[in-house]
Amino acid sequence: MMATKTYVKDYMTKNVINVSPDTKTEEVISLMKESHHNSYPVVENDRLVGMVTAFDIISKERADTVRDLMTTKLVVANQDLTINDASRVMFRRGISRMPVVDSKGALVGIITNTDMVRSHIERSTPNKVEYFKKTMEQLYGIKTTLKHMPVETNQLRPTQDKVFADELEGRAYELEKGLAEPAIVVKTGNRWILVDGHHRAVASKQKGYETVDSYVIDLGQDIKLGMEKTADKLGIRTFSDIEIIDDDKHPLIALTESIQDQASKDDD
């Protein structure tokens, strides 16, 4: 499957809050407290002229206005720059937020590291879903339909017997920030089988979310899936049947630490 190019304009935040060079420093500090953002573009005569950050305020000599604090040497993006190219620029320059300007230098948006993560999720998940969809069709000799939709959390039938507490924390954070990758669900008959995304779904359940953002593969008929049969044998029917592992760390983390420990011994 050929990957579709995505551009800064597809993921940037528009209608960005900005300040002017004559904005009082105290006003910027108040704005940072209210919005929880630590940097703002500076616009004068409809053109981007700088950026003012919390670091500018605390590291430079005290100034009454933004004009004497702002950074004027900026790395900016054109809205038609590809996401991949924008990611490379931000990584190489060590920046987390990049203003987006038009051909006249006017501010039209801002792209952040969070936007980059979201773009990756939205590009990678559909490929995984399409692969699973084709597998279902080949396995059962049927034609399926695919929808991106919220599914009621209480309707989901889990098929995994355990999740890890540390990974749940990560998924909960992603849900709060709107970064959570959609789950993959198979609708067979009147059942909604959770195929991928158990940590996301359990985190949603714990936080009281009524729905889980999902890609739903509808089989169009009632077919008992192999994973359902396995879940039946394990006694996994609801989220309360899933064991949350607090003591043991995730296997990948444990493996990484084991390798690090071995490397330390070798050094000794």
# chains A, B, ... in the order shown; residues from 1 in each chain; ligands from 1
>>> residues_around(residues="Gly208 (chain A)", least_positions_apart="6", cutoff="12 Å", atoms="only C-alpha atoms", output="list in words")
Glu152, Thr153, Asn154, Ala172, Leu175, Ala201 and Val202 of chain A
>>> write_last_selection(atoms="N, CA, C and O atoms", output="PDB file, in the first residue's frame")
ATOM      1  N   GLU A 152     -19.423   1.935  22.471  1.00  0.00           N
ATOM      2  CA  GLU A 152     -19.696   1.989  23.902  1.00  0.00           C
ATOM      3  C   GLU A 152     -18.747   1.053  24.654  1.00  0.00           C
ATOM      4  O   GLU A 152     -18.625  -0.123  24.307  1.00  0.00           O
ATOM      5  N   THR A 153     -18.098   1.590  25.653  1.00  0.00           N
ATOM      6  CA  THR A 153     -17.110   0.823  26.408  1.00  0.00           C
ATOM      7  C   THR A 153     -17.717  -0.458  26.984  1.00  0.00           C
ATOM      8  O   THR A 153     -17.095  -1.522  26.949  1.00  0.00           O
ATOM      9  N   ASN A 154     -18.930  -0.363  27.480  1.00  0.00           N
ATOM     10  CA  ASN A 154     -19.572  -1.515  28.112  1.00  0.00           C
ATOM     11  C   ASN A 154     -19.982  -2.595  27.117  1.00  0.00           C
ATOM     12  O   ASN A 154     -20.311  -3.715  27.522  1.00  0.00           O
ATOM     13  N   ALA A 172      -3.567   6.317  29.625  1.00  0.00           N
ATOM     14  CA  ALA A 172      -4.436   7.306  30.267  1.00  0.00           C
ATOM     15  C   ALA A 172      -3.985   8.721  29.914  1.00  0.00           C
ATOM     16  O   ALA A 172      -4.800   9.602  29.620  1.00  0.00           O
ATOM     17  N   LEU A 175      -4.994   9.502  26.372  1.00  0.00           N
ATOM     18  CA  LEU A 175      -6.427   9.803  26.286  1.00  0.00           C
ATOM     19  C   LEU A 175      -6.696  11.249  26.701  1.00  0.00           C
ATOM     20  O   LEU A 175      -7.466  11.961  26.047  1.00  0.00           O
ATOM     21  N   ALA A 201      -8.543   0.655  26.088  1.00  0.00           N
ATOM     22  CA  ALA A 201      -9.917   0.411  26.498  1.00  0.00           C
ATOM     23  C   ALA A 201     -10.044   0.340  28.016  1.00  0.00           C
ATOM     24  O   ALA A 201     -10.985   0.902  28.597  1.00  0.00           O
ATOM     25  N   VAL A 202      -9.111  -0.348  28.680  1.00  0.00           N
ATOM     26  CA  VAL A 202      -9.147  -0.440  30.144  1.00  0.00           C
ATOM     27  C   VAL A 202      -8.947   0.942  30.762  1.00  0.00           C
ATOM     28  O   VAL A 202      -9.628   1.312  31.730  1.00  0.00           O
TER      29      VAL A 202
END
>>> residues_around(residues="Arg47 (chain A)", least_positions_apart="2", cutoff="12 Å", atoms="only C-alpha atoms", output="list in words")
Asn18, Val19, Ser20, Pro21, Pro41, Val42, Val43, Glu44, Asn45, Val49, Gly50, Met51, Pro99, Val100, Val101, Asp102, Ser103, Lys104, Gly105, Ala106, Leu107 and Val108 of chain A
>>> closest_residue(among="A:Lys134, A:Lys60, A:Lys73, A:Lys9", to="Met116 (chain A)", atoms="only C-alpha atoms")
A:Lys9
>>> residues_around(residues="Met12 (chain A)", least_positions_apart="2", cutoff="9 Å", atoms="only C-alpha atoms", output="short mmCIF file (atom, residue, chain, number, x, y, z; two decimals) with N, CA, C and O atoms, in the first residue's frame")
data_model
loop_
_atom_site.label_atom_id
_atom_site.label_comp_id
_atom_site.auth_asym_id
_atom_site.auth_seq_id
_atom_site.Cartn_x
_atom_site.Cartn_y
_atom_site.Cartn_z
N TYR A 7 0.74 16.78 5.12
CA TYR A 7 1.40 18.07 5.14
C TYR A 7 1.14 18.82 6.45
O TYR A 7 0.20 18.50 7.20
N VAL A 8 1.97 19.81 6.69
CA VAL A 8 1.84 20.61 7.90
C VAL A 8 0.43 21.20 8.01
O VAL A 8 -0.15 21.23 9.10
N LYS A 9 -0.13 21.64 6.91
CA LYS A 9 -1.46 22.25 6.95
C LYS A 9 -2.54 21.28 7.42
O LYS A 9 -3.60 21.70 7.89
N ASP A 10 -2.28 19.97 7.30
CA ASP A 10 -3.26 18.97 7.72
C ASP A 10 -3.29 18.79 9.24
O ASP A 10 -4.28 18.29 9.79
N LYS A 14 -4.61 26.04 13.91
CA LYS A 14 -4.88 27.34 13.29
C LYS A 14 -5.42 28.29 14.37
O LYS A 14 -5.65 27.90 15.50
N GLN A 79 3.17 25.91 5.13
CA GLN A 79 2.08 24.96 5.39
C GLN A 79 2.06 23.80 4.39
O GLN A 79 1.43 22.77 4.66
N VAL A 100 4.01 28.49 11.59
CA VAL A 100 3.74 28.24 10.17
C VAL A 100 3.31 29.56 9.54
O VAL A 100 2.40 30.23 10.05
N VAL A 108 -0.03 31.66 10.06
CA VAL A 108 -1.25 30.93 9.71
C VAL A 108 -1.48 29.72 10.62
O VAL A 108 -2.53 29.07 10.56
N GLY A 109 -0.50 29.40 11.47
CA GLY A 109 -0.68 28.25 12.36
C GLY A 109 0.58 27.96 13.13
O GLY A 109 1.57 28.69 13.05
N ILE A 110 0.54 26.85 13.87
CA ILE A 110 1.71 26.38 14.60
C ILE A 110 1.68 24.86 14.62
O ILE A 110 0.61 24.25 14.73
N ILE A 111 2.83 24.24 14.44
CA ILE A 111 2.93 22.77 14.45
C ILE A 111 3.80 22.38 15.64
O ILE A 111 4.82 23.01 15.91
N THR A 112 3.38 21.32 16.36
CA THR A 112 4.09 20.92 17.58
C THR A 112 4.48 19.45 17.52
O THR A 112 4.02 18.71 16.65
N ASP A 115 1.51 17.26 17.52
CA ASP A 115 0.90 17.10 16.20
C ASP A 115 1.62 16.03 15.40
O ASP A 115 1.00 15.27 14.64
#
>>> closest_residue(among="A:Ser96, A:Val185, A:Glu169, A:Leu81", to="Pro150 (chain A)", atoms="only C-alpha atoms")
A:Val185
>>> atom_distance(atom1="CA of Lys33 (chain A)", atom2="CA of Arg67 (chain A)")
20.1 Å
>>> closest_residue(among="A:Ser214, A:Ser240, A:Thr230, A:Ser87", to="Glu181 (chain A)", atoms="only C-alpha atoms")
A:Ser214
>>> closest_residue(among="A:Val75, A:Val52, A:Asp85, A:Ala183", to="Lys5 (chain A)", atoms="only C-alpha atoms")
A:Asp85
>>> select_by_dssp(residues="region 82-264 of chain A", states="alpha helix (DSSP H)", output="PyMOL selection string")
chain A and resi 83-93+113-140+165-177+198-206+226-234+251-264
>>> residues_around(residues="Asp161 (chain A)", least_positions_apart="6", cutoff="9 Å", atoms="only C-alpha atoms", output="PyMOL selection string")
chain A and resi 231+234-236+241-244
>>> residues_around(residues="Ile142 (chain A)", least_positions_apart="5", cutoff="8 Å", atoms="only C-alpha atoms", output="PyMOL selection string")
chain A and resi 136-137+219
>>> closest_residue(among="A:Ser204, A:Thr238, A:Asn190, A:Thr65", to="Glu26 (chain A)", atoms="only C-alpha atoms")
A:Thr65
>>> select_by_dssp(residues="region 64-235 of chain A", states="strand (DSSP E or B)", output="NGL selection string")
:A and (65 or 71 or 77-78 or 82 or 97-101 or 107-112 or 145-152 or 156-157 or 162-164 or 183-188 or 191-196 or 211-218)
>>> write_last_selection(atoms="C-alpha atoms", output="short mmCIF file (atom, residue, chain, number, x, y, z; two decimals), in the first residue's frame")
data_model
loop_
_atom_site.label_atom_id
_atom_site.label_comp_id
_atom_site.auth_asym_id
_atom_site.auth_seq_id
_atom_site.Cartn_x
_atom_site.Cartn_y
_atom_site.Cartn_z
CA THR A 65 7.43 44.51 26.99
CA THR A 71 13.62 35.74 19.91
CA ALA A 77 7.50 26.18 8.26
CA ASN A 78 5.49 26.58 5.11
CA THR A 82 5.44 17.52 4.45
CA ARG A 97 6.89 24.18 18.42
CA MET A 98 7.33 25.68 14.96
CA PRO A 99 5.33 28.66 13.61
CA VAL A 100 3.74 28.24 10.17
CA VAL A 101 3.69 31.23 7.81
CA LEU A 107 1.24 33.62 10.79
CA VAL A 108 -1.25 30.93 9.71
CA GLY A 109 -0.68 28.25 12.36
CA ILE A 110 1.71 26.38 14.60
CA ILE A 111 2.93 22.77 14.45
CA THR A 112 4.09 20.92 17.58
CA THR A 145 -17.11 -3.12 5.95
CA LEU A 146 -14.97 -0.68 7.92
CA LYS A 147 -16.05 2.32 9.99
CA HIS A 148 -14.20 4.74 12.25
CA MET A 149 -16.59 5.34 15.13
CA PRO A 150 -16.99 5.45 18.92
CA VAL A 151 -18.03 2.15 20.50
CA GLU A 152 -19.70 1.99 23.90
CA LEU A 156 -16.73 -4.28 24.15
CA ARG A 157 -15.79 -7.93 24.66
CA LYS A 162 -3.90 -9.17 31.40
CA VAL A 163 -2.67 -5.59 31.05
CA PHE A 164 0.28 -3.81 32.66
CA ALA A 183 -8.78 0.51 19.10
CA ILE A 184 -9.54 -2.20 16.56
CA VAL A 185 -12.91 -3.89 17.02
CA VAL A 186 -14.66 -6.66 15.08
CA LYS A 187 -18.46 -6.59 14.99
CA THR A 188 -19.76 -10.12 14.53
CA ARG A 191 -21.06 -8.66 19.55
CA TRP A 192 -18.23 -6.12 19.58
CA ILE A 193 -14.94 -7.99 19.92
CA LEU A 194 -11.91 -5.98 21.05
CA VAL A 195 -9.00 -7.13 18.92
CA ASP A 196 -6.33 -4.50 19.58
CA THR A 211 -17.04 5.24 24.51
CA VAL A 212 -13.77 4.13 22.95
CA ASP A 213 -12.60 5.60 19.65
CA SER A 214 -12.39 2.57 17.34
CA TYR A 215 -11.95 1.21 13.87
CA VAL A 216 -14.81 -1.28 13.51
CA ILE A 217 -14.58 -4.16 11.04
CA ASP A 218 -18.15 -5.40 10.52
#
